[in-house]
>>> print(open('structure-v1.cif').read())   # mmCIF, C-alpha atoms
data_start
#
loop_
_atom_site.group_PDB
_atom_site.id
_atom_site.type_symbol
_atom_site.label_atom_id
_atom_site.label_comp_id
_atom_site.auth_asym_id
_atom_site.auth_seq_id
_atom_site.Cartn_x
_atom_site.Cartn_y
_atom_site.Cartn_z
ATOM 1 C CA MET A 1 104.242 149.241 115.917
ATOM 2 C CA PRO A 2 101.776 150.028 118.758
ATOM 3 C CA ALA A 3 103.091 150.123 122.281
ATOM 4 C CA GLN A 4 102.046 147.233 124.489
ATOM 5 C CA GLN A 5 99.334 148.310 126.921
ATOM 6 C CA THR A 6 99.807 147.481 130.574
ATOM 7 C CA THR A 7 97.543 147.989 133.536
ATOM 8 C CA LYS A 8 99.167 150.238 136.107
ATOM 9 C CA ALA A 9 98.133 150.046 139.732
ATOM 10 C CA HIS A 10 97.176 153.347 141.308
ATOM 11 C CA ASP A 11 96.142 154.437 144.741
ATOM 12 C CA GLY A 12 92.467 154.253 145.641
ATOM 13 C CA ALA A 13 90.558 156.481 148.011
ATOM 14 C CA ASP A 14 90.931 154.041 150.910
ATOM 15 C CA GLY A 15 94.654 153.441 150.429
ATOM 16 C CA GLY A 16 94.293 150.221 148.458
ATOM 17 C CA ARG A 17 95.813 149.872 145.010
ATOM 18 C CA VAL A 18 93.389 149.781 142.083
ATOM 19 C CA VAL A 19 94.785 147.111 139.751
ATOM 20 C CA LEU A 20 91.869 146.900 137.306
ATOM 21 C CA ASP A 21 89.595 149.791 136.442
ATOM 22 C CA ALA A 22 86.271 149.703 134.567
ATOM 23 C CA GLY A 23 87.953 149.654 131.158
ATOM 24 C CA ASP A 24 90.314 146.842 132.159
ATOM 25 C CA ILE A 25 87.393 144.776 133.490
ATOM 26 C CA SER A 26 85.375 145.346 130.328
ATOM 27 C CA ARG A 27 88.275 144.288 128.080
ATOM 28 C CA ALA A 28 88.964 141.209 130.196
ATOM 29 C CA LEU A 29 85.307 140.127 130.011
ATOM 30 C CA ILE A 30 85.217 140.631 126.242
ATOM 31 C CA ARG A 31 88.338 138.472 125.891
ATOM 32 C CA ILE A 32 86.905 135.761 128.167
ATOM 33 C CA SER A 33 83.681 135.804 126.127
ATOM 34 C CA HIS A 34 85.629 135.155 122.936
ATOM 35 C CA GLU A 35 87.684 132.411 124.622
ATOM 36 C CA ILE A 36 84.489 130.671 125.781
ATOM 37 C CA LEU A 37 83.056 130.807 122.258
ATOM 38 C CA GLU A 38 86.254 129.489 120.703
ATOM 39 C CA ARG A 39 86.558 126.644 123.183
ATOM 40 C CA ASN A 40 82.868 125.720 122.806
ATOM 41 C CA LYS A 41 82.926 126.235 119.018
ATOM 42 C CA GLY A 42 80.008 128.641 119.272
ATOM 43 C CA ALA A 43 77.161 129.237 121.714
ATOM 44 C CA GLU A 44 75.227 125.981 121.245
ATOM 45 C CA ASP A 45 74.331 124.168 124.495
ATOM 46 C CA LEU A 46 76.212 126.791 126.502
ATOM 47 C CA LEU A 47 75.068 127.741 130.007
ATOM 48 C CA LEU A 48 76.768 130.379 132.156
ATOM 49 C CA LEU A 49 76.192 129.885 135.887
ATOM 50 C CA GLY A 50 77.264 132.799 138.065
ATOM 51 C CA LEU A 51 78.306 132.085 141.643
ATOM 52 C CA HIS A 52 76.762 134.422 144.200
ATOM 53 C CA THR A 53 77.363 137.231 144.672
ATOM 54 C CA ARG A 54 79.542 138.904 142.059
ATOM 55 C CA GLY A 55 79.769 135.940 139.704
ATOM 56 C CA VAL A 56 76.092 136.462 138.807
ATOM 57 C CA PRO A 57 76.497 139.897 137.163
ATOM 58 C CA LEU A 58 79.760 138.750 135.572
ATOM 59 C CA ALA A 59 77.924 135.787 133.979
ATOM 60 C CA ARG A 60 75.266 138.174 132.649
ATOM 61 C CA ARG A 61 77.919 140.464 131.177
ATOM 62 C CA LEU A 62 79.620 137.505 129.509
ATOM 63 C CA ALA A 63 76.261 136.379 128.102
ATOM 64 C CA ASP A 64 75.625 139.881 126.734
ATOM 65 C CA ASN A 65 79.069 139.911 125.087
ATOM 66 C CA ILE A 66 78.495 136.483 123.556
ATOM 67 C CA ALA A 67 75.054 137.533 122.290
ATOM 68 C CA GLN A 68 76.624 140.522 120.526
ATOM 69 C CA VAL A 69 79.137 138.277 118.762
ATOM 70 C CA GLU A 70 76.897 135.299 117.998
ATOM 71 C CA GLY A 71 73.552 137.032 117.590
ATOM 72 C CA THR A 72 71.898 134.515 119.898
ATOM 73 C CA THR A 73 70.894 134.511 123.544
ATOM 74 C CA VAL A 74 73.007 132.451 125.920
ATOM 75 C CA ALA A 75 71.334 130.862 128.942
ATOM 76 C CA THR A 76 72.457 132.137 132.324
ATOM 77 C CA GLY A 77 71.682 131.093 135.856
ATOM 78 C CA GLU A 78 72.672 131.609 139.466
ATOM 79 C CA LEU A 79 74.334 129.067 141.720
ATOM 80 C CA ASP A 80 74.399 129.350 145.505
ATOM 81 C CA VAL A 81 77.079 127.232 147.158
ATOM 82 C CA THR A 82 76.488 128.331 150.770
ATOM 83 C CA MET A 83 75.303 124.960 152.084
ATOM 84 C CA TYR A 84 78.076 123.097 150.227
ATOM 85 C CA ARG A 85 80.952 125.047 151.755
ATOM 86 C CA ASP A 86 83.390 123.227 154.026
ATOM 87 C CA ASP A 87 83.787 126.242 156.332
ATOM 88 C CA LEU A 88 80.200 126.563 157.571
ATOM 89 C CA ARG A 89 81.186 125.626 161.124
ATOM 90 C CA SER A 90 83.851 128.313 161.338
ATOM 91 C CA ASN A 91 81.878 130.937 159.382
ATOM 92 C CA PRO A 92 78.146 130.218 159.846
ATOM 93 C CA THR A 93 76.906 133.777 159.224
ATOM 94 C CA ARG A 94 76.532 133.461 155.462
ATOM 95 C CA ALA A 95 73.021 134.125 154.208
ATOM 96 C CA PRO A 96 71.911 131.675 151.531
ATOM 97 C CA HIS A 97 70.919 132.975 148.107
ATOM 98 C CA ARG A 98 68.738 131.287 145.560
ATOM 99 C CA THR A 99 69.935 128.911 142.891
ATOM 100 C CA GLN A 100 68.258 129.571 139.575
ATOM 101 C CA VAL A 101 68.766 127.277 136.596
ATOM 102 C CA PRO A 102 67.141 127.923 133.209
ATOM 103 C CA PRO A 103 64.152 125.698 132.327
ATOM 104 C CA GLY A 104 66.286 123.422 130.109
ATOM 105 C CA GLY A 105 68.391 122.408 133.117
ATOM 106 C CA ILE A 106 72.078 121.540 132.966
ATOM 107 C CA ASP A 107 71.978 117.979 131.633
ATOM 108 C CA GLY A 108 74.111 117.633 128.513
ATOM 109 C CA LYS A 109 75.102 121.312 128.527
ATOM 110 C CA THR A 110 78.493 122.962 128.567
ATOM 111 C CA VAL A 111 78.316 124.721 131.916
ATOM 112 C CA VAL A 112 80.715 127.570 132.567
ATOM 113 C CA LEU A 113 80.911 128.441 136.249
ATOM 114 C CA VAL A 114 81.612 132.167 136.593
ATOM 115 C CA ASP A 115 83.200 133.641 139.707
ATOM 116 C CA ASP A 116 84.893 136.902 140.584
ATOM 117 C CA VAL A 117 88.128 135.888 142.364
ATOM 118 C CA LEU A 118 89.742 132.448 142.448
ATOM 119 C CA TYR A 119 91.785 131.977 145.612
ATOM 120 C CA SER A 120 91.921 128.703 147.573
ATOM 121 C CA GLY A 121 89.600 126.793 145.242
ATOM 122 C CA ARG A 122 87.180 125.878 148.026
ATOM 123 C CA THR A 123 84.271 127.887 146.602
ATOM 124 C CA ILE A 124 84.691 126.104 143.269
ATOM 125 C CA ARG A 125 84.786 122.719 144.998
ATOM 126 C CA ALA A 126 81.506 123.657 146.690
ATOM 127 C CA ALA A 127 80.105 124.761 143.308
ATOM 128 C CA LEU A 128 80.972 121.393 141.771
ATOM 129 C CA ASP A 129 79.174 119.651 144.624
ATOM 130 C CA ALA A 130 76.120 121.897 144.184
ATOM 131 C CA LEU A 131 76.167 121.326 140.438
ATOM 132 C CA SER A 132 76.121 117.548 140.863
ATOM 133 C CA ASP A 133 72.827 117.876 142.753
ATOM 134 C CA LEU A 134 71.290 119.709 139.783
ATOM 135 C CA GLY A 135 72.134 117.260 137.031
ATOM 136 C CA ARG A 136 74.875 116.012 134.765
ATOM 137 C CA PRO A 137 76.416 118.543 132.391
ATOM 138 C CA ALA A 138 78.434 117.363 129.398
ATOM 139 C CA VAL A 139 81.344 119.615 130.387
ATOM 140 C CA VAL A 140 82.077 121.993 133.259
ATOM 141 C CA ARG A 141 84.490 124.862 132.807
ATOM 142 C CA LEU A 142 85.528 127.752 135.034
ATOM 143 C CA ALA A 143 85.805 131.444 134.169
ATOM 144 C CA VAL A 144 87.094 133.964 136.722
ATOM 145 C CA LEU A 145 87.854 137.639 136.466
ATOM 146 C CA VAL A 146 90.852 137.404 138.833
ATOM 147 C CA ASP A 147 93.084 134.463 139.758
ATOM 148 C CA ARG A 148 95.130 135.480 142.781
ATOM 149 C CA GLY A 149 96.881 132.138 143.380
ATOM 150 C CA HIS A 150 97.351 130.359 146.729
ATOM 151 C CA ARG A 151 95.314 127.273 145.782
ATOM 152 C CA GLU A 152 94.543 124.745 148.510
ATOM 153 C CA LEU A 153 92.833 122.322 146.116
ATOM 154 C CA PRO A 154 93.777 121.101 142.623
ATOM 155 C CA ILE A 155 91.474 123.517 140.793
ATOM 156 C CA ARG A 156 92.406 125.648 137.790
ATOM 157 C CA ALA A 157 90.378 128.187 135.825
ATOM 158 C CA ASP A 158 89.879 127.630 132.095
ATOM 159 C CA HIS A 159 89.350 131.341 131.421
ATOM 160 C CA VAL A 160 91.073 134.062 133.465
ATOM 161 C CA GLY A 161 90.707 137.805 133.072
ATOM 162 C CA LYS A 162 93.814 138.678 135.083
ATOM 163 C CA ASN A 163 96.399 136.615 136.953
ATOM 164 C CA LEU A 164 97.187 138.720 139.979
ATOM 165 C CA PRO A 165 100.039 137.506 142.189
ATOM 166 C CA THR A 166 99.290 138.422 145.789
ATOM 167 C CA ALA A 167 100.544 137.766 149.271
ATOM 168 C CA ARG A 168 98.233 135.710 151.475
ATOM 169 C CA SER A 169 97.982 138.707 153.801
ATOM 170 C CA GLU A 170 96.619 140.918 151.017
ATOM 171 C CA ARG A 171 92.927 141.225 150.269
ATOM 172 C CA VAL A 172 91.580 141.395 146.715
ATOM 173 C CA SER A 173 88.398 143.428 146.543
ATOM 174 C CA LEU A 174 86.223 143.355 143.438
ATOM 175 C CA ARG A 175 83.510 145.959 143.026
ATOM 176 C CA LEU A 176 80.920 145.855 140.253
ATOM 177 C CA VAL A 177 78.413 148.466 139.128
ATOM 178 C CA GLU A 178 75.538 146.030 139.657
ATOM 179 C CA THR A 179 76.367 145.342 143.316
ATOM 180 C CA ASP A 180 78.636 148.189 144.432
ATOM 181 C CA GLY A 181 78.043 151.143 142.121
ATOM 182 C CA GLU A 182 81.434 151.019 140.347
ATOM 183 C CA ASP A 183 83.769 148.625 138.528
ATOM 184 C CA GLU A 184 87.231 148.075 139.966
ATOM 185 C CA VAL A 185 89.582 145.495 141.424
ATOM 186 C CA ARG A 186 91.735 146.596 144.290
ATOM 187 C CA ILE A 187 94.454 145.052 146.447
ATOM 188 C CA GLN A 188 94.415 146.085 150.093
#
>>> encode(input="structure-v1.cif", output="structure tokens")
Amino acid sequence: MPAQQTTKAHDGADGGRVVLDAGDISRALIRISHEILERNKGAEDLLLLGLHTRGVPLARRLADNIAQVEGTTVATGELDVTMYRDDLRSNPTRAPHRTQVPPGGIDGKTVVLVDDVLYSGRTIRAALDALSDLGRPAVVRLAVLVDRGHRELPIRADHVGKNLPTARSERVSLRLVETDGEDEVRIQ
């Protein structure tokens, strides 16, 4: 009987603990890809919308994984929630990004919002508001690489790579090759 594999935290260069390395992230994204396919009963009418910044490359990776399994391309897009956030007055320095939706739009589609870390739920609330301005999907689901808890709103992810209990004082830092040159999740 094979031993159960566990992810062990180890010290990073800056003193933070690395809790997911590149291999862990890859395995989590493959699992999430399969979960999305199972829940959707295939890739038909599926649209993956990545939330800026790190949700965008995660959505593309999920789409690549799904394409390998299904042999078909899955639509992806980018969703900017900057102007929908409820903390703009206290944190006005955010630079807006572009929202990019595939030509078929979102109407009638199964839209999976993809984000890196789920924390208070406020970013997802903003994403739902932004999504409603774009159209009316048949279903909206949420996939996140890390759920760290501490929700302030009644929002729950449908697909989670890793549940990571944290203290509010801790910071979860996700780095991706596409944006940061390496894949890792760290607690600082």
>>> residues_around(input="structure-v1.cif", residues="Gly23 (chain A)", least_positions_apart="6", cutoff="12 Å", atoms="all atoms listed in the file", output="list in words")
Thr7, Leu29, Ile30, Glu182, Asp183, Glu184 and Val185 of chain A
>>> residues_near_point(input="structure-v1.cif", point="(83.9, 117.9, 145.2)", cutoff="12 Å", atoms="all atoms listed in the file", output="PDB file with C-alpha atoms, in the coordinates of the input")
ATOM      1  CA  VAL A  81      77.079 127.232 147.158  1.00  0.00           C
ATOM      2  CA  TYR A  84      78.076 123.097 150.227  1.00  0.00           C
ATOM      3  CA  ARG A  85      80.952 125.047 151.755  1.00  0.00           C
ATOM      4  CA  ASP A  86      83.390 123.227 154.026  1.00  0.00           C
ATOM      5  CA  GLY A 121      89.600 126.793 145.242  1.00  0.00           C
ATOM      6  CA  ARG A 122      87.180 125.878 148.026  1.00  0.00           C
ATOM      7  CA  THR A 123      84.271 127.887 146.602  1.00  0.00           C
ATOM      8  CA  ILE A 124      84.691 126.104 143.269  1.00  0.00           C
ATOM      9  CA  ARG A 125      84.786 122.719 144.998  1.00  0.00           C
ATOM     10  CA  ALA A 126      81.506 123.657 146.690  1.00  0.00           C
ATOM     11  CA  ALA A 127      80.105 124.761 143.308  1.00  0.00           C
ATOM     12  CA  LEU A 128      80.972 121.393 141.771  1.00  0.00           C
ATOM     13  CA  ASP A 129      79.174 119.651 144.624  1.00  0.00           C
ATOM     14  CA  ALA A 130      76.120 121.897 144.184  1.00  0.00           C
ATOM     15  CA  LEU A 131      76.167 121.326 140.438  1.00  0.00           C
ATOM     16  CA  SER A 132      76.121 117.548 140.863  1.00  0.00           C
ATOM     17  CA  ASP A 133      72.827 117.876 142.753  1.00  0.00           C
ATOM     18  CA  LEU A 153      92.833 122.322 146.116  1.00  0.00           C
ATOM     19  CA  PRO A 154      93.777 121.101 142.623  1.00  0.00           C
ATOM     20  CA  ILE A 155      91.474 123.517 140.793  1.00  0.00           C
TER      21      ILE A 155
END
>>> resolve_selection(input="structure-v1.cif", expression="the PyMOL selection byres ((chain A and resi 76) around 12)", output="ChimeraX atom specification")
/A:43,45-51,55-64,66-67,73-75,77-79,99-106,109-114
>>> closest_residue(input="structure-v1.cif", among="A:His52, A:Asn65, A:Gly16, A:Leu145", to="Thr82 (chain A)", atoms="only C-alpha atoms")
A:His52
>>> closest_residue(input="structure-v1.cif", among="A:Pro96, A:Gly71, A:Pro137, A:Pro165", to="Gly108 (chain A)", atoms="all atoms listed in the file")
A:Pro137
